[in-house]
Each structure stands twice: as C-alpha cells, then as structure tokens.
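Before any comments, here is the structure.
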Amino acid sequence: MKIAFTTSGHSLDAPLDARFGRAPRILVYDLDTGTFEVVDNTQNLNAPQGAGIQAAQNVARTGATHLVTGHCGPKAFKVLTAAGIAVYTTDAATVAQALELFRSGGLTRATSADVEGHWV
C-alpha cells in the first residue's frame, strides 16, 4: 500500500506541508517495502488556479491509495475521492510523525474538504 504525504523536503524528517495543492513535493511511502519516492509538484506553486486538481492527478499517478496532508480543498478532494484515494488531514510537524499516526490508527479519514478553494 502506498501513502502520499505533502512536503517541502526530500526525506521522512521533512516538514509535512499544510497545503495540498501548492506543496512543493509529494513523498510517496510504500508500506510493503519501507521505501519512498519524492514526486515534484512545483509546477503548481504559482498556478493561478487548478493547483489542487493537478496535485490530485499527480498523487493518483503514483498509485497511492491514501493521502496525508494538512488541508485539502473541495476540488482536490473530489478528484482524490473519485480516484479512490482516502484523504487524511493532520497537523503533524513532519512526514515521519504523520506516517506514525497513520500506522497507529491515529488519523481519521476525511469525509469532505476542510478548507475553501485557493487557500494559502
């Protein structure tokens, strides 16, 4: 199972980015192998609109079935759930902390977006 995390860094110790669509990177952790890859999402940093939708498509392309982020807007949430990706929001400081919360069952699956569009 693959889990995507929004981040600005390149490692598990990197900060978890609170912004889904405008996070510079997406770290995709494979629970089965204990490995991860980092996907560039910088094309969405300055996008005037559609950043969440594009980032959601990036996550779907990785094969991740779960997403852990700080916040998720309505359009991104719709694309993610249509792709069968479960969304979890958290205020964890790092990707490693968010991963531990996920593993221990400490995260609750979101049932809707938790911010309006164009949230920064």
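Chain identifiers are assigned as A, B, and so on, following the order in which chains appear in the structure tokens; residues are numbered from 1 within each chain, and ligands are numbered from 1 in order of appearance.
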Exercise for review: Fewer than 4 positions away in the same chain doesn't count, so skip those; otherwise give me all residues within 6 Å of region 9-17 of chain A, counting only C-alpha atoms, as a PyMOL selection string.
Suggested key: chain A and resi 23+93-96
Practice item. Using DSSP on the backbone, list every residue of region 3-120 of chain A that comes out as helix (DSSP H, G or I), and give them as a VMD selection string. Key: chain A and resid 42 to 44 51 to 62 74 to 82 95 to 103
Take the residues just selected and output them with C-alpha atoms as a PDB file, in the first residue's frame.
```pdb
ATOM      1  CA  THR A  42       6.451  22.681  -8.054  1.00  0.00           C
ATOM      2  CA  GLN A  43       4.505  23.345 -11.263  1.00  0.00           C
ATOM      3  CA  ASN A  44       1.522  24.069  -9.005  1.00  0.00           C
ATOM      4  CA  ALA A  51      -3.326  23.562  -8.313  1.00  0.00           C
ATOM      5  CA  GLY A  52      -5.355  21.138  -6.198  1.00  0.00           C
ATOM      6  CA  ILE A  53      -6.753  19.292  -9.194  1.00  0.00           C
ATOM      7  CA  GLN A  54      -3.300  18.934 -10.776  1.00  0.00           C
ATOM      8  CA  ALA A  55      -1.750  17.794  -7.489  1.00  0.00           C
ATOM      9  CA  ALA A  56      -4.566  15.243  -7.042  1.00  0.00           C
ATOM     10  CA  GLN A  57      -3.817  13.890 -10.518  1.00  0.00           C
ATOM     11  CA  ASN A  58      -0.119  13.688  -9.585  1.00  0.00           C
ATOM     12  CA  VAL A  59      -0.989  11.650  -6.494  1.00  0.00           C
ATOM     13  CA  ALA A  60      -3.263   9.332  -8.492  1.00  0.00           C
ATOM     14  CA  ARG A  61      -0.456   8.681 -11.000  1.00  0.00           C
ATOM     15  CA  THR A  62       1.822   7.446  -8.186  1.00  0.00           C
ATOM     16  CA  PRO A  74     -13.110  20.882  -2.383  1.00  0.00           C
ATOM     17  CA  LYS A  75     -11.978  20.389  -5.984  1.00  0.00           C
ATOM     18  CA  ALA A  76      -8.898  18.384  -4.991  1.00  0.00           C
ATOM     19  CA  PHE A  77     -10.961  16.338  -2.542  1.00  0.00           C
ATOM     20  CA  LYS A  78     -13.439  15.482  -5.296  1.00  0.00           C
ATOM     21  CA  VAL A  79     -10.683  14.332  -7.680  1.00  0.00           C
ATOM     22  CA  LEU A  80      -8.930  12.316  -4.966  1.00  0.00           C
ATOM     23  CA  THR A  81     -12.061  10.502  -3.839  1.00  0.00           C
ATOM     24  CA  ALA A  82     -13.091   9.826  -7.446  1.00  0.00           C
ATOM     25  CA  VAL A  95       6.232  13.300   7.354  1.00  0.00           C
ATOM     26  CA  ALA A  96       7.643  10.734   9.832  1.00  0.00           C
ATOM     27  CA  GLN A  97       5.213  11.871  12.540  1.00  0.00           C
ATOM     28  CA  ALA A  98       2.292  11.749  10.110  1.00  0.00           C
ATOM     29  CA  LEU A  99       3.352   8.266   8.990  1.00  0.00           C
ATOM     30  CA  GLU A 100       3.467   7.060  12.599  1.00  0.00           C
ATOM     31  CA  LEU A 101      -0.010   8.498  13.218  1.00  0.00           C
ATOM     32  CA  PHE A 102      -1.265   6.690  10.107  1.00  0.00           C
ATOM     33  CA  ARG A 103       0.319   3.382  11.147  1.00  0.00           C
TER      34      ARG A 103
END
```
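The gap separating CA of Leu27 (chain A) from CA of Phe5 (chain A) is 5.1 Å, in Å to one decimal.
Atom pair CA of Leu107 (chain A) / CA of Gly50 (chain A): separated by 26.8 Å.
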Check your understanding: How would you write, as a ChimeraX atom specification, the set of residues in region 37-113 of chain A that DSSP gives as strand (DSSP E or B)?
Key -> /A:37-40,66-69,71,86-89,94,109
**Study point:** Spatial neighbours of Ala18 (chain A), 8 Å, only C-alpha atoms, chain gap at least 5 places, as a list of chain:residue names
**Key:** A:Thr6, A:Ala23, A:Thr69, A:Gly70, A:His71, A:Asp91
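Taking only C-alpha atoms into account, Met1 (chain A) lies nearest to A:Thr65 out of the set A:Thr65, A:Thr90, A:Thr35, A:Ser112.
Closest approach to Cys72 (chain A) among A:Ile85, A:Ala113, A:Ala4, A:Leu31: A:Ala113, based on only C-alpha atoms.
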Point to revise | Contacts of Arg109 (chain A) within 9 Å, only C-alpha atoms, excl. fewer than 4 positions in-chain, as a ChimeraX atom specification | key: /A:86-89
